[in-house]
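Coordinates as given in work-v6.txt (compact mmCIF, C-alpha atoms and all ligand atoms):
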# COMPACT_ATOMS: atom_id res chain seq x y z
CA MET A 1 20.82 17.30 -17.68
CA ALA A 2 23.63 14.90 -17.08
CA GLY A 3 22.32 11.80 -18.80
CA LYS A 4 20.39 9.34 -16.87
CA GLY A 5 22.31 7.22 -14.47
CA THR A 6 25.32 5.68 -16.08
CA ALA A 7 26.98 3.74 -13.37
CA GLN A 8 25.07 5.81 -10.98
CA THR A 9 24.66 4.22 -7.67
CA ARG A 10 21.21 3.06 -7.28
CA PHE A 11 19.81 3.17 -3.87
CA ARG A 12 16.45 2.84 -2.49
CA ARG A 13 14.84 5.23 -0.24
CA SER A 14 12.09 4.32 2.06
CA LEU A 15 9.52 6.88 2.69
CA ALA A 16 8.59 6.26 6.21
CA LEU A 17 4.92 6.58 6.15
CA SER A 18 2.95 6.84 9.21
CA LEU A 19 0.78 3.88 8.48
CA HIS A 20 -1.73 5.16 6.17
CA ARG A 21 -5.20 3.85 6.30
CA ILE A 22 -7.07 3.69 3.11
CA ASN A 23 -10.73 4.28 3.21
CA LEU A 24 -12.30 1.55 1.30
CA CYS A 25 -15.45 1.64 -0.57
CA ARG A 26 -16.80 -1.85 -0.34
CA LYS A 27 -19.27 -1.69 -3.15
CA GLY A 28 -16.92 -2.63 -5.89
CA PHE A 29 -18.38 -5.89 -7.26
CA ASP A 30 -15.89 -7.27 -9.71
CA LEU A 31 -14.14 -3.95 -9.71
CA HIS A 32 -13.50 -4.19 -6.01
CA GLU A 33 -9.79 -4.80 -6.29
CA LEU A 34 -9.41 -2.25 -9.03
CA GLY A 35 -11.11 0.35 -6.86
CA ILE A 36 -8.67 -0.42 -4.08
CA VAL A 37 -5.77 -0.15 -6.47
CA TYR A 38 -6.96 3.29 -7.48
CA HIS A 39 -7.07 4.29 -3.84
CA ILE A 40 -3.55 3.02 -3.35
CA ILE A 41 -2.24 4.79 -6.42
CA ARG A 42 -3.88 8.03 -5.39
CA ASP A 43 -2.30 7.78 -1.96
CA VAL A 44 1.06 6.96 -3.46
CA GLU A 45 0.77 9.97 -5.76
CA ASN A 46 -0.04 12.25 -2.88
CA VAL A 47 2.80 11.02 -0.72
CA ALA A 48 5.23 11.07 -3.62
CA ARG A 49 4.28 14.58 -4.59
CA ALA A 50 4.59 15.76 -1.02
CA ASN A 51 8.10 14.32 -0.95
CA GLY A 52 9.19 15.52 -4.37
CA VAL A 53 9.38 12.02 -5.73
CA ARG A 54 8.51 11.34 -9.35
CA ARG A 55 8.77 7.61 -9.46
CA VAL A 56 8.27 4.79 -7.08
CA SER A 57 9.78 1.34 -7.38
CA SER A 58 7.63 -0.56 -4.96
CA VAL A 59 4.69 -0.24 -2.66
CA THR A 60 4.30 -2.55 0.31
CA LEU A 61 0.77 -3.14 1.43
CA LEU A 62 -0.48 -4.70 4.63
CA LEU A 63 -3.43 -6.84 3.72
CA GLY A 64 -5.64 -8.32 6.38
CA GLU A 65 -6.75 -11.92 6.09
CA VAL A 66 -10.38 -10.93 6.36
CA SER A 67 -10.17 -7.71 4.41
CA GLY A 68 -12.19 -9.26 1.63
CA VAL A 69 -9.47 -8.45 -0.86
CA VAL A 70 -8.15 -11.24 -3.05
CA PRO A 71 -4.38 -10.79 -3.36
CA ASP A 72 -4.12 -12.24 -6.87
CA LEU A 73 -6.85 -10.01 -8.18
CA LEU A 74 -5.27 -7.08 -6.44
CA LEU A 75 -1.91 -7.78 -8.03
CA ASP A 76 -3.49 -8.09 -11.47
CA ALA A 77 -5.38 -4.87 -11.01
CA TRP A 78 -2.23 -3.18 -9.77
CA ARG A 79 -0.20 -4.21 -12.81
CA TRP A 80 -2.88 -2.99 -15.12
CA ALA A 81 -3.50 0.34 -13.42
CA ALA A 82 -0.02 1.14 -12.11
CA ASP A 83 1.57 0.85 -15.54
CA LYS A 84 -0.72 3.53 -16.85
CA LYS A 85 0.77 6.12 -14.51
CA SER A 86 4.28 7.39 -15.00
CA ILE A 87 4.84 7.54 -11.28
CA THR A 88 4.01 3.89 -10.65
CA GLU A 89 4.90 2.43 -14.00
CA GLY A 90 6.76 -0.81 -13.47
CA ALA A 91 6.50 -0.50 -9.71
CA GLU A 92 6.02 -3.65 -7.76
CA LEU A 93 3.19 -4.20 -5.33
CA ILE A 94 4.30 -6.25 -2.37
CA VAL A 95 1.51 -7.72 -0.33
CA GLU A 96 2.21 -8.50 3.32
CA PRO A 97 -0.55 -10.59 4.80
CA VAL A 98 -1.82 -9.74 8.25
CA GLU A 99 -3.32 -12.55 10.27
CA ALA A 100 -6.84 -12.03 11.52
CA VAL A 101 -7.06 -12.16 15.31
CA THR A 102 -10.21 -12.00 17.42
CA HIS A 103 -10.39 -11.10 21.08
CA CYS A 104 -12.81 -12.73 23.49
CA GLU A 105 -14.25 -10.40 26.09
CA ALA A 106 -15.48 -13.25 28.23
CA CYS A 107 -12.16 -14.97 28.87
CA GLY A 108 -9.79 -12.29 27.66
CA ARG A 109 -7.94 -14.50 25.19
CA ASP A 110 -7.15 -13.94 21.56
CA TYR A 111 -7.57 -16.53 18.86
CA ALA A 112 -7.28 -17.02 15.11
CA THR A 113 -10.35 -15.61 13.42
CA VAL A 114 -10.22 -17.58 10.23
CA GLU A 115 -10.13 -20.86 12.09
CA TYR A 116 -12.77 -20.21 14.74
CA GLY A 117 -14.93 -17.36 13.53
CA LYS A 118 -16.93 -15.42 16.07
CA THR A 119 -17.07 -18.07 18.77
CA CYS A 120 -14.21 -18.28 21.22
CA PRO A 121 -12.55 -21.70 21.09
CA GLN A 122 -11.44 -21.39 24.72
CA CYS A 123 -14.71 -20.64 26.46
CA GLY A 124 -17.38 -20.81 23.80
CA SER A 125 -18.44 -17.21 24.23
CA GLY A 126 -19.71 -15.17 21.35
CA GLU A 127 -18.70 -11.92 22.96
CA THR A 128 -15.81 -11.40 20.66
CA TYR A 129 -14.45 -8.75 18.39
CA LEU A 130 -11.88 -8.55 15.66
CA LEU A 131 -8.55 -7.11 16.74
CA GLN A 132 -6.80 -7.12 13.40
CA GLY A 133 -7.12 -8.61 9.96
CA GLN A 134 -9.25 -6.14 8.08
CA GLU A 135 -6.56 -3.70 7.18
CA VAL A 136 -5.57 -2.55 3.75
CA MET A 137 -2.74 -0.16 4.50
CA ILE A 138 0.28 1.14 2.77
CA LYS A 139 3.24 0.20 4.89
CA GLN A 140 6.07 1.48 2.78
CA ILE A 141 6.84 3.13 -0.51
CA GLU A 142 10.24 2.78 -2.10
CA THR A 143 11.75 4.95 -4.75
CA PRO A 144 14.56 4.31 -7.21
CA ASP A 145 17.66 6.46 -7.34
CA GLU A 146 16.31 9.94 -7.30
CA ASP A 147 17.02 11.31 -3.93
CA PRO A 148 19.01 14.48 -4.52
CA ALA A 149 19.54 14.94 -0.82
CA ASP A 150 22.02 12.11 -0.46
CA THR A 151 23.97 11.66 -3.66
CA VAL A 152 23.63 14.64 -5.93
CA PRO A 153 23.80 17.79 -3.85
CA ASP A 154 22.75 20.34 -6.41
CA ASP A 155 20.29 18.71 -8.61
CA PRO A 156 17.73 21.44 -8.96
CA SER A 157 14.52 19.61 -8.56
CA ASP A 158 13.19 19.99 -12.03
CA ALA A 159 9.60 20.86 -12.21
CA VAL A 160 7.68 18.09 -10.66
CA ASP A 161 4.34 17.42 -12.15
CA ALA A 162 2.65 20.72 -11.79
CA ALA A 163 2.17 20.64 -15.52
CA ASN A 164 0.95 17.13 -15.38
CA PRO A 165 -1.51 16.69 -12.60
CA LEU A 166 -2.54 13.14 -12.30
CA HIS A 167 -6.08 12.50 -11.57
CA ILE A 168 -8.19 9.48 -11.31
CA ALA A 169 -11.70 10.02 -12.37
ZN ZN A 201 -13.31 -16.87 25.48
Starting from the file, give its structure as structure tokens.
Amino acid sequence: MAGKGTAQTRFRRSLALSLHRINLCRKGFDLHELGIVYHIIRDVENVARANGVRRVSSVTLLLGEVSGVVPDLLLDAWRWAADKKSITEGAELIVEPVEAVTHCEACGRDYATVEYGKTCPQCGSGETYLLQGQEVMIKQIETPDEDPADTVPDDPSDAVDAANPLHIA
């Protein structure tokens, strides 16, 4: 138990996540964003546990323009819910917007969904489909300075949270 980081070098570790799709339940009403936050936190917990991480410092989320999620509400919900979990307490949620793009099957072009909707601005066809812009995906999770692999060779990984299983009802 050498005290917690004196002048200990802080470094951030990125857990390279294969882009992780979150299954969204779209029936959330006003609790929509909170429901999404719970999904995110649960995913973060799972990934963190699988990697022996006890704390995360930030979570970067890809948020599609037409995902139906309001970033401000999401951030509020995150702050409220994340601070109640030791693993995400104080962690920042970084939202990276993803532009919505629609593809036209008639002329083969792509265009901005938000601006033109379902009708292709090039040829007027309605045979179009959304290419991207609905995603709500965790892109990256960062942790503070607790990677024993790099700095502190023999830090015996003290019992992770077997005694403290986190669950979201
Ligand atoms: Zn077209």
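For the point (-3.9, -19.0, 12.8) in file coordinates, the residues within 9 Å, using only C-alpha atoms, are Glu99, Ala100, Val101, Tyr111, Ala112, Thr113, Val114 and Glu115 of chain A.
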Mind dumping a table of every chain A residue within 10 Å of ligand ZN 201 (chain A), with the nearest atom pair and its distance in Å to one decimal, using all atoms listed in the file, sorted by chain and rising number, as a Markdown table?
| residue | atom | partner | partner_atom | distance |
| --- | --- | --- | --- | --- |
| A:Thr102 | CA | A:ZN201 | ZN | 9.9 |
| A:His103 | CA | A:ZN201 | ZN | 7.8 |
| A:Cys104 | CA | A:ZN201 | ZN | 4.6 |
| A:Glu105 | CA | A:ZN201 | ZN | 6.6 |
| A:Ala106 | CA | A:ZN201 | ZN | 5.0 |
| A:Cys107 | CA | A:ZN201 | ZN | 4.1 |
| A:Gly108 | CA | A:ZN201 | ZN | 6.2 |
| A:Arg109 | CA | A:ZN201 | ZN | 5.9 |
| A:Asp110 | CA | A:ZN201 | ZN | 7.9 |
| A:Tyr111 | CA | A:ZN201 | ZN | 8.8 |
| A:Thr119 | CA | A:ZN201 | ZN | 7.8 |
| A:Cys120 | CA | A:ZN201 | ZN | 4.6 |
| A:Pro121 | CA | A:ZN201 | ZN | 6.6 |
| A:Gln122 | CA | A:ZN201 | ZN | 5.0 |
| A:Cys123 | CA | A:ZN201 | ZN | 4.1 |
| A:Gly124 | CA | A:ZN201 | ZN | 5.9 |
| A:Ser125 | CA | A:ZN201 | ZN | 5.3 |
| A:Gly126 | CA | A:ZN201 | ZN | 7.8 |
| A:Glu127 | CA | A:ZN201 | ZN | 7.7 |
| A:Thr128 | CA | A:ZN201 | ZN | 7.7 |
Inset, instruction - Choose the residue, out of A:Trp78, A:Ser86, A:Glu92, A:Tyr116, that has the smallest atom-to-atom separation from Leu34 (chain A); count all atoms listed in the file. - result: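 Answer, going by the shortest atom-to-atom distance: A:Trp78.
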Legend entry - Two-atom distance - CA of Ala82 (chain A), CA of Met137 (chain A) (Å):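 Between these atoms lies a distance of 16.9 Å.
One finds CA of Leu63 (chain A) at 17.0 Å from CA of Arg79 (chain A).
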Legend entry - Nearest candidate to Pro144 (chain A) (options A:Thr60, A:Thr88, A:Asn46, A:Ser67; using only C-alpha atoms):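 When distances to Pro144 (chain A) are compared using only C-alpha atoms, the smallest one comes from A:Thr88.
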Legend entry - Residue neighbourhood Ser57 (chain A), 9 Å, all atoms listed in the file, exclusion window fewer than 4 positions, as JSON, numbers by chain: {"A": [12, 87, 88, 89, 90, 91, 92, 93, 141, 142, 143, 144]}
Inset, instruction - Find the distance between CA of Asp76 (chain A) and CA of Asp145 (chain A) and write it in Å to one decimal. - result: 26.0 Å
Legend entry - Nearest to Arg55 (chain A), chosen from A:Glu33, A:Asp72, A:Asp83, A:Tyr38, with all atoms listed in the file counted in the distances: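 Smallest distance to Arg55 (chain A) is found for A:Asp83.
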Inset, instruction - Identify, on the basis of all atoms listed in the file, every residue whose closest approach to Glu135 (chain A) does not exceed 10 Å; exclude the query and any residue fewer than 2 positions from it along the same chain; express the result as a VMD selection string. - result: chain A and resid 21 to 24 61 to 69 97 to 100 132 to 133 137 to 138
For the residues selected in the previous step, produce a file with C-alpha atoms as an mmCIF file, in the frame of the given file.
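To be explicit, this is the file written out as again_15.cif:
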data_model
loop_
_atom_site.group_PDB
_atom_site.id
_atom_site.type_symbol
_atom_site.label_atom_id
_atom_site.label_comp_id
_atom_site.auth_asym_id
_atom_site.auth_seq_id
_atom_site.Cartn_x
_atom_site.Cartn_y
_atom_site.Cartn_z
ATOM 1 C CA ARG A 21 -5.200 3.850 6.300
ATOM 2 C CA ILE A 22 -7.070 3.690 3.110
ATOM 3 C CA ASN A 23 -10.730 4.280 3.210
ATOM 4 C CA LEU A 24 -12.300 1.550 1.300
ATOM 5 C CA LEU A 61 0.770 -3.140 1.430
ATOM 6 C CA LEU A 62 -0.480 -4.700 4.630
ATOM 7 C CA LEU A 63 -3.430 -6.840 3.720
ATOM 8 C CA GLY A 64 -5.640 -8.320 6.380
ATOM 9 C CA GLU A 65 -6.750 -11.920 6.090
ATOM 10 C CA VAL A 66 -10.380 -10.930 6.360
ATOM 11 C CA SER A 67 -10.170 -7.710 4.410
ATOM 12 C CA GLY A 68 -12.190 -9.260 1.630
ATOM 13 C CA VAL A 69 -9.470 -8.450 -0.860
ATOM 14 C CA PRO A 97 -0.550 -10.590 4.800
ATOM 15 C CA VAL A 98 -1.820 -9.740 8.250
ATOM 16 C CA GLU A 99 -3.320 -12.550 10.270
ATOM 17 C CA ALA A 100 -6.840 -12.030 11.520
ATOM 18 C CA GLN A 132 -6.800 -7.120 13.400
ATOM 19 C CA GLY A 133 -7.120 -8.610 9.960
ATOM 20 C CA MET A 137 -2.740 -0.160 4.500
ATOM 21 C CA ILE A 138 0.280 1.140 2.770
#
Please enclose the listed atoms of region 131-140 of chain A in an axis-aligned box, pad each side by 6 Å, and write out the centre and the three edge lengths in Å, rounded to one decimal, as AutoDock Vina command-line options.
--center_x -1.6 --center_y -3.6 --center_z 9.8 --size_x 27.3 --size_y 22.1 --size_z 26.0
